[in-house]
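The next block is query15.txt, given as compact mmCIF, C-alpha atoms.
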# COMPACT_ATOMS: atom_id res chain seq x y z
CA MET G 467 -200.72 11.49 10.39
CA ILE G 468 -203.94 10.14 8.93
CA ASP G 469 -206.80 12.63 9.29
CA ALA G 470 -209.23 10.15 10.74
CA SER G 471 -207.08 7.65 12.54
CA PRO G 472 -208.45 4.14 12.17
CA TYR G 473 -206.90 3.07 15.44
CA GLY G 474 -207.46 4.30 18.94
CA SER G 475 -204.94 6.61 20.57
CA SER G 476 -204.09 3.90 23.08
CA ASP G 477 -202.81 1.72 20.25
CA LEU G 478 -200.23 4.24 19.05
CA VAL G 479 -197.76 5.26 21.72
CA ASP G 480 -194.50 7.06 20.94
CA GLY G 481 -194.47 5.82 17.35
CA VAL G 482 -195.25 2.20 18.25
CA LEU G 483 -198.57 0.92 16.91
CA SER G 484 -199.91 -2.21 18.59
CA ILE G 485 -202.16 -4.41 16.51
CA ASN G 486 -203.91 -7.14 18.40
CA LEU G 487 -205.02 -9.96 16.13
CA LEU G 488 -207.50 -11.04 18.75
CA ALA G 489 -209.15 -7.66 18.64
CA THR G 490 -212.38 -9.41 17.76
CA GLN G 491 -212.61 -9.91 21.49
CA LYS G 492 -211.25 -6.43 22.19
CA PRO G 493 -213.19 -4.03 20.01
CA SER G 494 -211.65 -1.03 21.77
CA SER G 495 -208.31 -1.85 20.17
CA THR G 496 -208.81 -1.92 16.43
CA GLU G 497 -212.57 -2.08 16.40
CA LEU G 498 -212.69 -5.32 14.57
CA THR G 499 -215.89 -7.22 14.85
CA SER G 500 -216.59 -10.91 14.80
CA SER G 501 -219.14 -10.27 12.09
CA GLU G 502 -216.23 -10.10 9.65
CA ASP G 503 -216.14 -13.23 7.56
CA THR G 504 -212.47 -13.85 8.12
CA TYR G 505 -211.97 -13.08 11.80
CA GLY G 506 -211.54 -9.42 10.92
CA PHE G 507 -208.47 -9.90 8.75
CA GLU G 508 -210.00 -8.17 5.72
CA LYS G 509 -210.56 -5.07 7.81
CA LEU G 510 -207.06 -5.35 9.22
CA ILE G 511 -205.66 -5.38 5.69
CA ARG G 512 -207.51 -2.13 4.96
CA ILE G 513 -206.11 -0.61 8.14
CA LEU G 514 -202.55 -1.67 7.31
CA LYS G 515 -202.81 0.05 3.95
CA LEU G 516 -203.53 3.30 5.78
CA VAL G 517 -200.82 2.69 8.37
CA ALA G 518 -198.24 2.24 5.61
CA SER G 519 -198.46 5.93 4.76
CA ASP G 520 -198.79 7.18 8.33
CA GLU G 521 -195.47 8.73 9.31
CA ALA G 522 -196.51 8.77 12.95
CA VAL G 523 -196.27 4.99 12.97
CA ARG G 524 -192.60 4.07 13.12
CA VAL G 525 -192.84 0.51 14.37
CA ILE G 526 -195.67 -2.04 14.48
CA VAL G 527 -196.09 -4.61 17.21
CA LEU G 528 -198.29 -7.52 16.17
CA LEU G 529 -199.65 -9.60 18.99
CA GLU G 530 -202.38 -11.93 20.08
CA LYS G 531 -203.66 -10.83 23.43
CA GLY G 532 -206.85 -12.23 24.82
CA VAL G 533 -208.85 -15.35 24.14
CA ARG G 534 -209.25 -16.69 20.65
CA SER G 535 -212.87 -17.07 19.64
CA GLU G 536 -214.09 -20.63 19.42
CA VAL G 537 -216.82 -19.53 17.02
CA ALA G 538 -216.00 -20.81 13.57
CA SER G 539 -215.81 -18.27 10.79
CA PRO G 540 -218.59 -18.51 8.23
CA ALA G 541 -215.93 -18.23 5.54
CA THR G 542 -214.75 -21.35 3.76
CA ALA G 543 -211.35 -22.82 4.56
CA THR G 544 -210.08 -21.68 1.16
CA THR G 545 -211.27 -18.13 1.70
CA LEU G 546 -209.68 -18.06 5.12
CA GLN G 547 -206.40 -19.35 3.77
CA GLU G 548 -206.44 -16.79 0.98
CA THR G 549 -207.13 -14.02 3.44
CA PHE G 550 -204.31 -15.14 5.75
CA SER G 551 -201.98 -15.23 2.78
CA LYS G 552 -203.14 -11.77 1.65
CA PHE G 553 -202.64 -10.44 5.15
CA ALA G 554 -199.13 -11.93 5.31
CA GLN G 555 -198.32 -10.36 1.96
CA CYS G 556 -199.57 -7.02 3.21
CA LEU G 557 -197.34 -7.30 6.29
CA ARG G 558 -194.30 -7.99 4.11
CA HIS G 559 -194.94 -4.82 2.14
CA MET G 560 -195.27 -2.57 5.18
CA PRO G 561 -192.46 0.00 5.20
CA GLN G 562 -192.31 0.01 8.99
CA PRO G 563 -190.51 -2.76 10.86
CA ILE G 564 -192.89 -5.27 12.42
CA VAL G 565 -192.13 -6.96 15.70
CA ALA G 566 -194.33 -9.93 16.52
CA MET G 567 -194.98 -10.99 20.09
CA VAL G 568 -196.05 -14.63 20.10
CA HIS G 569 -197.20 -16.66 23.05
CA VAL G 570 -196.41 -20.05 21.56
CA GLN G 571 -198.00 -21.99 24.40
CA ALA G 572 -201.33 -20.29 23.81
CA GLN G 573 -200.93 -20.82 20.07
CA ALA G 574 -201.02 -24.61 20.08
CA LYS G 575 -204.29 -24.79 18.17
CA VAL G 576 -203.69 -22.13 15.60
CA GLN G 577 -199.98 -22.18 15.08
CA ASP G 578 -200.16 -23.68 11.59
CA ASP G 579 -202.70 -21.13 10.38
CA MET G 580 -200.78 -18.29 11.91
CA LYS G 581 -197.31 -19.36 10.83
CA ALA G 582 -197.48 -17.49 7.52
CA ILE G 583 -198.38 -14.35 9.44
CA TRP G 584 -195.54 -14.60 11.96
CA ASP G 585 -193.15 -15.46 9.13
CA ALA G 586 -194.05 -12.20 7.44
CA CYS G 587 -192.87 -10.19 10.46
CA ASP G 588 -189.33 -8.85 10.57
CA ILE G 589 -188.60 -9.83 14.14
CA VAL G 590 -190.43 -12.41 16.23
CA PHE G 591 -190.15 -12.51 20.00
CA ALA G 592 -191.76 -15.59 21.52
CA ASP G 593 -191.87 -17.86 24.53
CA GLY G 594 -190.68 -20.70 22.29
CA ASP G 595 -187.40 -21.48 20.58
CA TRP G 596 -188.33 -20.94 16.91
CA ALA G 597 -188.35 -17.15 17.17
CA THR G 598 -185.71 -14.49 16.54
CA LEU G 599 -185.25 -14.34 20.30
CA SER G 600 -186.99 -16.33 23.00
CA PHE G 601 -188.04 -15.09 26.40
CA PRO G 602 -189.94 -16.57 29.29
CA ASP G 603 -193.62 -15.75 29.09
CA SER G 604 -193.32 -13.32 32.02
CA ALA G 605 -190.71 -11.20 30.21
CA LEU G 606 -192.06 -11.42 26.67
CA GLU G 607 -194.19 -8.28 26.64
CA GLU G 608 -191.57 -6.16 28.39
CA GLN G 609 -188.82 -7.27 25.99
CA THR G 610 -191.00 -6.81 22.92
CA TYR G 611 -191.95 -3.25 23.80
CA LYS G 612 -188.43 -2.41 24.93
CA LEU G 613 -187.20 -3.29 21.44
CA ALA G 614 -190.14 -1.59 19.70
CA ARG G 615 -189.60 1.66 21.63
CA GLU G 616 -185.90 1.49 20.85
CA LEU G 617 -186.59 1.05 17.13
CA ALA G 618 -189.04 3.96 17.22
CA THR G 619 -186.25 6.31 18.38
CA LYS G 620 -184.13 5.56 15.33
CA ASP G 621 -184.12 7.65 12.19
CA PRO G 622 -187.37 6.63 10.44
CA LEU G 623 -185.92 6.81 6.94
CA ALA G 624 -182.90 4.74 7.91
CA LEU G 625 -185.24 2.24 9.54
CA ARG G 626 -187.45 1.90 6.47
CA PHE G 627 -184.56 1.64 4.05
CA THR G 628 -182.76 -0.85 6.27
CA LYS G 629 -185.86 -3.04 6.19
CA LYS G 630 -185.99 -2.70 2.41
CA THR G 631 -182.31 -3.59 2.11
CA VAL G 632 -182.68 -6.69 4.29
CA GLN G 633 -185.71 -7.81 2.29
CA GLN G 634 -184.31 -7.18 -1.17
CA VAL G 635 -180.56 -7.85 -1.28
CA ALA G 636 -180.86 -11.61 -1.62
CA SER G 637 -182.50 -11.14 -5.01
CA VAL G 638 -179.93 -8.58 -6.19
CA ALA G 639 -177.00 -10.07 -8.13
CA TRP G 640 -173.51 -9.45 -6.76
CA ASP G 641 -172.66 -7.55 -9.94
CA ASP G 642 -175.52 -5.14 -9.23
CA ILE G 643 -175.12 -4.77 -5.50
CA LEU G 644 -173.14 -1.52 -5.61
CA ASN G 645 -175.72 0.04 -7.93
CA PHE G 646 -178.43 -1.07 -5.50
CA THR G 647 -176.65 0.61 -2.57
CA THR G 648 -175.95 3.77 -4.57
CA ALA G 649 -179.60 4.02 -5.65
CA GLN G 650 -180.76 3.54 -2.05
CA GLN G 651 -178.43 6.30 -0.84
CA ALA G 652 -179.58 8.67 -3.57
CA GLU G 653 -183.23 8.04 -2.71
CA ILE G 654 -182.59 8.66 1.00
CA LYS G 655 -180.72 11.85 0.18
CA SER G 656 -183.56 13.14 -1.94
CA LEU G 657 -186.14 12.30 0.74
CA GLN G 658 -184.00 14.00 3.38
CA ALA G 659 -183.49 17.14 1.31
CA GLY G 660 -184.13 20.20 3.42
CA GLY G 661 -184.70 18.20 6.56
CA PRO G 662 -182.37 17.52 9.47
CA SER G 663 -180.06 14.57 8.87
CA ALA G 664 -179.89 12.13 11.77
CA ARG G 665 -176.92 10.58 10.03
CA ALA G 666 -174.95 13.84 9.96
CA LEU G 667 -175.70 14.46 13.63
CA ALA G 668 -174.70 10.92 14.59
CA ILE G 669 -171.41 11.16 12.70
CA GLU G 670 -170.67 14.55 14.26
CA SER G 671 -171.40 13.20 17.72
CA PHE G 672 -169.24 10.12 17.13
CA LEU G 673 -166.32 12.06 15.71
CA ALA G 674 -166.51 14.41 18.70
CA GLY G 675 -166.26 11.38 20.98
CA LYS G 676 -169.73 11.98 22.45
CA SER G 677 -171.27 8.66 21.46
CA LYS G 678 -170.25 5.12 20.54
CA PRO G 679 -173.07 3.88 18.33
CA GLY G 680 -171.04 0.84 17.30
CA ALA G 681 -171.43 -0.53 20.79
CA GLY G 682 -175.16 0.13 20.63
CA ALA G 683 -174.93 3.33 22.70
CA MET M 511 -152.01 -2.28 9.58
CA LEU M 512 -151.81 -6.01 8.90
CA LYS M 513 -149.62 -8.61 10.55
CA ILE M 514 -149.03 -11.33 7.99
CA GLU M 515 -147.43 -14.62 8.98
CA ASP M 516 -147.13 -17.82 6.95
CA THR M 517 -146.87 -21.20 8.66
CA PRO M 518 -144.79 -24.10 7.31
CA GLU M 519 -148.09 -25.84 6.46
CA GLY M 520 -148.96 -23.11 3.96
CA ILE M 521 -151.42 -21.21 6.10
CA ARG M 522 -151.38 -17.45 5.79
CA CYS M 523 -152.47 -15.69 8.98
CA ILE M 524 -153.75 -12.20 8.28
CA GLY M 525 -154.00 -10.22 11.50
CA LEU M 526 -155.88 -6.92 11.55
CA ASN M 527 -153.36 -4.82 13.43
CA ARG M 528 -154.69 -1.51 14.58
CA PRO M 529 -155.41 -2.27 18.21
CA ASP M 530 -155.78 1.36 19.34
CA LYS M 531 -158.80 1.61 16.97
CA ARG M 532 -160.12 -1.87 17.77
CA ASN M 533 -158.91 -2.80 14.30
CA ALA M 534 -161.39 -0.52 12.55
CA ILE M 535 -160.73 -0.67 8.83
CA GLY M 536 -159.24 2.65 7.84
CA VAL M 537 -157.70 3.88 4.60
CA GLU M 538 -154.31 2.17 4.98
CA MET M 539 -155.78 -1.09 6.26
CA THR M 540 -158.28 -1.39 3.42
CA LEU M 541 -155.51 -0.82 0.86
CA ALA M 542 -153.36 -3.42 2.63
CA LEU M 543 -156.23 -5.93 2.63
CA GLU M 544 -156.74 -5.53 -1.08
CA ASP M 545 -153.03 -5.94 -1.65
CA VAL M 546 -152.58 -9.08 0.45
CA LEU M 547 -155.66 -10.76 -1.04
CA LEU M 548 -154.48 -10.00 -4.59
CA LYS M 549 -151.08 -11.52 -3.84
CA THR M 550 -152.47 -14.51 -1.94
CA LYS M 551 -154.97 -15.33 -4.66
CA VAL M 552 -152.16 -16.21 -7.06
CA ASP M 553 -149.81 -17.76 -4.50
CA SER M 554 -150.01 -21.52 -4.90
CA THR M 555 -147.93 -22.12 -1.77
CA ILE M 556 -150.77 -20.80 0.39
CA LYS M 557 -153.34 -23.49 1.14
CA ALA M 558 -155.56 -21.65 3.62
CA ILE M 559 -156.07 -18.21 5.13
CA VAL M 560 -156.79 -17.42 8.76
CA PHE M 561 -158.10 -13.96 9.60
CA HIS M 562 -157.84 -12.66 13.15
CA GLY M 563 -157.50 -9.42 15.07
CA LEU M 564 -154.70 -8.22 17.33
CA GLY M 565 -155.22 -6.54 20.68
CA GLY M 566 -158.38 -8.31 21.84
CA HIS M 567 -160.78 -7.32 19.06
CA PHE M 568 -161.42 -8.68 15.60
CA CYS M 569 -162.70 -5.51 13.91
CA ALA M 570 -164.83 -2.54 14.90
CA GLY M 571 -166.06 -2.07 11.32
CA MET M 572 -165.12 0.72 8.96
CA ASP M 573 -163.20 3.65 10.45
CA MET M 574 -165.73 6.48 10.46
CA LYS M 575 -163.11 9.16 10.95
CA ASP M 576 -161.03 8.01 8.01
CA PHE M 577 -163.95 7.71 5.63
CA PHE M 578 -166.23 10.55 6.73
CA ASP M 579 -163.81 13.23 7.81
CA SER M 580 -162.60 14.48 4.45
CA SER M 581 -159.93 16.61 6.11
CA THR M 582 -157.85 13.53 6.95
CA ARG M 583 -156.81 12.57 3.40
CA PRO M 584 -156.76 14.05 -0.11
CA PRO M 585 -159.96 13.23 -2.03
CA GLU M 586 -158.18 10.95 -4.50
CA VAL M 587 -156.78 8.85 -1.65
CA LEU M 588 -160.24 8.45 -0.12
CA GLN M 589 -161.69 7.56 -3.50
CA ARG M 590 -158.99 4.94 -4.05
CA ALA M 591 -159.61 3.50 -0.56
CA ARG M 592 -163.36 3.25 -1.19
CA ALA M 593 -162.73 1.45 -4.46
CA ALA M 594 -160.27 -0.92 -2.76
CA THR M 595 -162.83 -1.68 -0.05
CA GLU M 596 -165.50 -2.66 -2.53
CA HIS M 597 -162.96 -4.65 -4.52
CA TRP M 598 -161.80 -6.87 -1.67
CA ARG M 599 -165.13 -7.31 0.07
CA ILE M 600 -167.39 -7.79 -2.97
CA GLN M 601 -165.00 -9.61 -5.30
CA LEU M 602 -161.68 -10.78 -3.89
CA LEU M 603 -162.97 -12.44 -0.73
CA ARG M 604 -165.41 -14.49 -2.78
CA GLN M 605 -162.85 -15.39 -5.45
CA MET M 606 -160.09 -16.69 -3.20
CA PRO M 607 -159.08 -20.24 -4.16
CA GLN M 608 -157.98 -20.95 -0.58
CA LYS M 609 -160.32 -21.81 2.26
CA ILE M 610 -160.77 -18.98 4.72
CA PHE M 611 -161.05 -19.42 8.49
CA THR M 612 -161.69 -16.62 10.96
CA ALA M 613 -160.97 -16.19 14.65
CA VAL M 614 -163.16 -13.64 16.42
CA GLU M 615 -162.76 -12.05 19.81
CA GLY M 616 -163.98 -8.73 21.17
CA TYR M 617 -165.87 -6.56 18.72
CA CYS M 618 -166.76 -7.78 15.24
CA LEU M 619 -168.97 -5.14 13.65
CA GLY M 620 -170.34 -3.89 10.33
CA GLY M 621 -167.59 -3.81 7.72
CA GLY M 622 -165.75 -6.70 9.38
CA LEU M 623 -168.63 -9.12 8.89
CA PRO M 624 -168.12 -9.88 5.16
CA ILE M 625 -164.92 -11.71 6.17
CA LEU M 626 -166.98 -14.01 8.39
CA ALA M 627 -169.52 -14.54 5.62
CA VAL M 628 -166.94 -16.11 3.28
CA SER M 629 -165.27 -18.21 5.95
CA ALA M 630 -165.45 -22.00 5.93
CA ALA M 631 -165.45 -21.78 9.73
CA VAL M 632 -165.73 -18.92 12.19
CA ILE M 633 -164.41 -19.57 15.67
CA ALA M 634 -165.57 -16.99 18.18
CA GLN M 635 -164.53 -16.41 21.75
CA ARG M 636 -167.54 -16.56 24.06
CA GLU M 637 -167.30 -12.88 25.04
CA ALA M 638 -167.21 -11.65 21.43
CA LYS M 639 -169.76 -9.01 20.42
CA LEU M 640 -171.01 -8.97 16.87
CA GLY M 641 -173.39 -6.58 15.18
CA LEU M 642 -174.54 -4.29 12.41
CA PRO M 643 -174.55 -0.91 14.19
CA GLU M 644 -175.08 1.30 11.12
CA ILE M 645 -178.66 2.18 12.07
CA ASN M 646 -177.35 3.72 15.31
CA PHE M 647 -175.53 6.27 13.16
CA GLY M 648 -178.66 6.94 11.12
CA PHE M 649 -177.12 4.88 8.28
CA VAL M 650 -178.55 2.12 6.21
CA PRO M 651 -176.08 -0.77 6.17
CA GLY M 652 -174.58 -1.18 2.72
CA GLY M 653 -176.29 -3.69 0.46
CA GLN M 654 -172.94 -5.41 -0.05
CA ILE M 655 -172.55 -6.05 3.69
CA VAL M 656 -176.16 -7.16 4.21
CA LYS M 657 -176.03 -9.45 1.19
CA ALA M 658 -172.80 -11.07 2.34
CA VAL M 659 -174.06 -11.58 5.88
CA GLY M 660 -177.45 -12.77 4.62
CA GLU M 661 -175.77 -15.63 2.78
CA VAL M 662 -174.88 -17.27 6.08
CA MET M 663 -177.17 -15.73 8.69
CA SER M 664 -180.82 -16.55 9.33
CA PRO M 665 -183.18 -13.93 7.83
CA ARG M 666 -184.68 -13.11 11.23
CA GLY M 667 -181.28 -12.77 12.87
CA LEU M 668 -180.21 -10.48 10.06
CA ALA M 669 -183.35 -8.34 10.35
CA TYR M 670 -182.90 -8.06 14.12
CA ALA M 671 -179.22 -7.13 13.83
CA ALA M 672 -179.73 -4.58 11.06
CA LEU M 673 -182.90 -2.95 12.40
CA SER M 674 -181.98 -2.83 16.07
CA GLY M 675 -178.25 -2.13 15.75
CA ARG M 676 -177.88 -4.06 19.00
CA PRO M 677 -174.72 -6.11 19.43
CA PHE M 678 -175.25 -9.83 19.99
CA ASN M 679 -173.02 -12.42 21.56
CA ALA M 680 -171.15 -15.35 20.03
CA GLU M 681 -173.71 -17.95 21.09
CA GLN M 682 -176.50 -15.99 19.45
CA ALA M 683 -174.35 -15.54 16.35
CA GLN M 684 -173.89 -19.31 16.27
CA ARG M 685 -177.66 -19.88 16.51
CA TRP M 686 -178.13 -17.46 13.61
CA GLY M 687 -175.45 -19.15 11.47
CA LEU M 688 -172.74 -16.49 11.53
CA VAL M 689 -170.41 -18.37 13.86
CA THR M 690 -169.43 -22.04 13.60
CA GLN M 691 -168.00 -22.67 17.04
CA VAL M 692 -167.89 -20.80 20.34
CA VAL M 693 -164.76 -21.30 22.44
CA GLU M 694 -163.57 -20.20 25.86
CA SER M 695 -159.89 -19.87 24.97
CA ASP M 696 -157.92 -18.16 22.19
CA PRO M 697 -160.01 -18.56 18.99
CA LEU M 698 -156.91 -18.15 16.82
CA GLU M 699 -155.44 -21.41 18.13
CA HIS M 700 -158.67 -23.21 17.28
CA ALA M 701 -158.95 -21.60 13.84
CA LEU M 702 -155.34 -22.52 13.06
CA ALA M 703 -155.90 -26.11 14.13
CA ILE M 704 -158.95 -26.38 11.88
CA ALA M 705 -157.08 -24.75 8.98
CA LYS M 706 -154.19 -27.21 9.38
CA ALA M 707 -156.58 -30.14 9.41
CA SER M 708 -158.49 -28.92 6.36

Encoding of this model in structure tokens:
Amino acid sequence: MIDASPYGSSDLVDGVLSINLLATQKPSSTELTSSEDTYGFEKLIRILKLVASDEAVRVIVLLEKGVRSEVASPATATTLQETFSKFAQCLRHMPQPIVAMVHVQAQAKVQDDMKAIWDACDIVFADGDWATLSFPDSALEEQTYKLARELATKDPLALRFTKKTVQQVASVAWDDILNFTTAQQAEIKSLQAGGPSARALAIESFLAGKSKPGAGA
Amino acid sequence: MLKIEDTPEGIRCIGLNRPDKRNAIGVEMTLALEDVLLKTKVDSTIKAIVFHGLGGHFCAGMDMKDFFDSSTRPPEVLQRARAATEHWRIQLLRQMPQKIFTAVEGYCLGGGLPILAVSAAVIAQREAKLGLPEINFGFVPGGQIVKAVGEVMSPRGLAYAALSGRPFNAEQAQRWGLVTQVVESDPLEHALAIAKAS
């Protein structure tokens, strides 16, 4: 846990950190202020860098809740675009899985600007059909947090390395894929050294007939 | 472990035949898969391959008991089975000169998915359940499985499947690119018809 948490306790619940991109209108959330040149994204990037090493944060939910400010940023269009791109890059490098909750209908004006950001998220739940999974607006929040809470109960190391695997395997040659997997396993083993192994417990439970993880249970 | 039947049209049907284990790929099955693929690869009379499962399921993935309970087999047998698994799923499947078609019903999980990834067409019964459940065991899915699946599945679908471990249905699998066609009736009949027409 970070000594001085940059986010309020209400934003981190049971390992799920909620980051509201419209926090400029909700300073109690991430304390962003509209005085930031780039709608607070520079500050958000600094926060994400801290979150990346915070083991208490297992899953991130990125959302836009509230009303988008109609006040234009004093930053130039180029600066804004660069900041959005930097923010998206930062999201891609987060070790925790990121679930985005997108109200497409409310996004009509900003969808193009925001697309790079949503594309950088691992899973996108939305009330439109371009997402990972679509839900009616009324069920979107419930489904997003149901998934996020579920992810937060999984072994954190397995979660982080699964994300890494999904992100990286496409660029690994078939001839090197076994070496990639072996190196991943060795790294996990070394990080788990001395600690309890969720994997060992899950195998034991499965072999004893107590659980059927293959069926998602 | 495998039910192998050749049709007069030169189609080899390879049925995963371990219904009491939902066709989970155990030591004997993985060795049999390597063997049949090696033989089929050089058999010019075989024009196409159709994979399917017997007993209502395609494949429940790798058999955890066989591969993680070291008391079941001598170490050298397990080592040979692991090598055979990597051989057929990383190399042989991708080197086959014949077109591959796959019929899916019931469960189709984890280690069974690389077969779908190399298929020219995957016909799935509507009730089929697909998924990458490794994370539910505290595992990271093998790079070889994720890479294979990622070649046909949308990146977001892949991330959702791998990170959540949740099973998803045939329609969703079709939206994400893993399944070609969803059918109400026996997917094997459809896969065979497509193989014959190919």

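For the pair CA of Val632 in chain G and CA of Phe647 in chain M, the separation is 17.3 Å.
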
Residues of chain G that have any atom at most 7 Å from an atom of chain M: could you tabulate them with the shortest-distance atom pair and the distance in Å to one decimal, using only C-alpha atoms, ordered by chain and increasing number, as a tab-separated table?
residue	atom	partner	partner_atom	distance
G:Asp588	CA	M:Ala669	CA	6.0
G:Ile589	CA	M:Arg666	CA	5.9
G:Thr598	CA	M:Arg666	CA	5.6
G:Leu617	CA	M:Ser674	CA	6.1
G:Asp621	CA	M:Gly648	CA	5.6
G:Ala624	CA	M:Val650	CA	5.4
G:Leu625	CA	M:Leu673	CA	6.4
G:Phe627	CA	M:Val650	CA	6.4
G:Thr628	CA	M:Val650	CA	5.2
G:Lys629	CA	M:Leu673	CA	6.9
G:Thr631	CA	M:Gly653	CA	6.2
G:Val632	CA	M:Ala669	CA	6.3
G:Val635	CA	M:Lys657	CA	5.4
G:Ala636	CA	M:Lys657	CA	6.0
G:Ile643	CA	M:Gln654	CA	5.9
G:Leu644	CA	M:Gln654	CA	6.8
G:Phe646	CA	M:Gly653	CA	6.9
G:Thr647	CA	M:Gly653	CA	5.3
G:Ala664	CA	M:Gly648	CA	5.4
G:Arg665	CA	M:Gly648	CA	4.2
G:Ala668	CA	M:Phe647	CA	4.9
G:Ile669	CA	M:Phe647	CA	6.4
G:Leu673	CA	M:Lys575	CA	6.4
G:Pro679	CA	M:Asn646	CA	5.2
G:Gly680	CA	M:Pro643	CA	5.0
G:Ala681	CA	M:Pro677	CA	6.6
G:Gly682	CA	M:Arg676	CA	5.3

Residues within 10 Å of Glu694 in chain M, please, as a list in words. Count only C-alpha atoms; anything in the same chain fewer than 6 positions from it doesn't count.
Ala634, Gln635, Arg636 and Glu637 of chain M

Restricting the output to C-alpha atoms, write the selected residues as a CSV table (one decimal), keeping the file's coordinate frame.
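Saved the output as again-v8.csv:
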chain,number,residue,atom,x,y,z
M,634,ALA,CA,-165.6,-17.0,18.2
M,635,GLN,CA,-164.5,-16.4,21.8
M,636,ARG,CA,-167.5,-16.6,24.1
M,637,GLU,CA,-167.3,-12.9,25.0

From M:Gln589, M:Thr595, M:Thr517, M:Thr582, residue lying nearest Leu541 in chain M [only C-alpha atoms]:
M:Thr595

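The residue that comes closest to Arg604 in chain M, out of G:Trp640, G:Phe550, G:Gln651, G:Ser484 and on the basis of only C-alpha atoms, is G:Trp640.
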
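One distance worth recording is that between CA of Ala522 in chain G and CA of Ala649 in chain G, which is 25.6 Å.
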
Protein, DNA and RNA residues within 10 Å of (-160.7, -15.9, -2.4), only C-alpha atoms, as a ChimeraX atom specification
/M:547-548,550-552,558-559,598-599,601-610,628-629

For range 703-705 of chain M, work out the shell of residues within 9 Å, counting only C-alpha atoms and skipping chain neighbours fewer than 2 positions away, then give it as a list of chain:residue names.
M:Ile521, M:Lys557, M:Ala558, M:Ile559, M:Val560, M:Lys609, M:Ile610, M:Phe611, M:Ala631, M:Leu698, M:Glu699, M:His700, M:Ala701, M:Ala707, M:Ser708

Quick check, in Å to one decimal: how far apart do CA of Asp530 in chain M and CA of Lys676 in chain G lie?
17.8 Å

Expected axis-aligned box over every listed atom of range 605-623 of chain M, 6 Å added per side, centre plus edges in Å to one decimal, as AutoDock Vina command-line options:
--center_x -164.2 --center_y -12.8 --center_z 7.9 --size_x 24.4 --size_y 30.0 --size_z 38.6

Using all atoms listed in the file, which residues sit within 9 Å of Met560 in chain G once same-chain residues fewer than 6 positions away are excluded, as a PyMOL selection string?
chain G and resi 514-515+517-518

Ser551 in chain G environment, 12 Å, only C-alpha atoms, sequence neighbours closer than 3 positions dropped, as an MDAnalysis selection string:
chainID G and resid 504 507:508 511 544:548 554:558 579:586

Please produce a file of the residues just selected, as a PDB file, in the frame of the given file, where the atoms kept are C-alpha atoms.
ATOM      1  CA  THR G 504    -212.470 -13.850   8.120  1.00  0.00           C
ATOM      2  CA  PHE G 507    -208.470  -9.900   8.750  1.00  0.00           C
ATOM      3  CA  GLU G 508    -210.000  -8.170   5.720  1.00  0.00           C
ATOM      4  CA  ILE G 511    -205.660  -5.380   5.690  1.00  0.00           C
ATOM      5  CA  THR G 544    -210.080 -21.680   1.160  1.00  0.00           C
ATOM      6  CA  THR G 545    -211.270 -18.130   1.700  1.00  0.00           C
ATOM      7  CA  LEU G 546    -209.680 -18.060   5.120  1.00  0.00           C
ATOM      8  CA  GLN G 547    -206.400 -19.350   3.770  1.00  0.00           C
ATOM      9  CA  GLU G 548    -206.440 -16.790   0.980  1.00  0.00           C
ATOM     10  CA  ALA G 554    -199.130 -11.930   5.310  1.00  0.00           C
ATOM     11  CA  GLN G 555    -198.320 -10.360   1.960  1.00  0.00           C
ATOM     12  CA  CYS G 556    -199.570  -7.020   3.210  1.00  0.00           C
ATOM     13  CA  LEU G 557    -197.340  -7.300   6.290  1.00  0.00           C
ATOM     14  CA  ARG G 558    -194.300  -7.990   4.110  1.00  0.00           C
ATOM     15  CA  ASP G 579    -202.700 -21.130  10.380  1.00  0.00           C
ATOM     16  CA  MET G 580    -200.780 -18.290  11.910  1.00  0.00           C
ATOM     17  CA  LYS G 581    -197.310 -19.360  10.830  1.00  0.00           C
ATOM     18  CA  ALA G 582    -197.480 -17.490   7.520  1.00  0.00           C
ATOM     19  CA  ILE G 583    -198.380 -14.350   9.440  1.00  0.00           C
ATOM     20  CA  TRP G 584    -195.540 -14.600  11.960  1.00  0.00           C
ATOM     21  CA  ASP G 585    -193.150 -15.460   9.130  1.00  0.00           C
ATOM     22  CA  ALA G 586    -194.050 -12.200   7.440  1.00  0.00           C
TER      23      ALA G 586
END

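Using all atoms listed in the file for every distance, the candidate list G:Ser604, G:Val570, G:Arg524, G:Arg512 yields G:Arg524 as the residue closest to Pro622 in chain G.
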
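With all atoms listed in the file as the atoms that count, the minimum distance from Leu564 in chain M to the choices M:Leu526, M:Leu588, M:Ala593, M:Val692 is reached by M:Leu526.
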
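Checking M:Ala627, M:Phe568, M:Pro584, M:Ala591 one by one against Pro697 in chain M, counting all atoms listed in the file, you find the shortest gap at M:Phe568.
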
Quick one: of G:Leu487, G:Leu657, G:Val525, G:Val638, who's nearest to Pro563 in chain G, counting only C-alpha atoms?
G:Val525
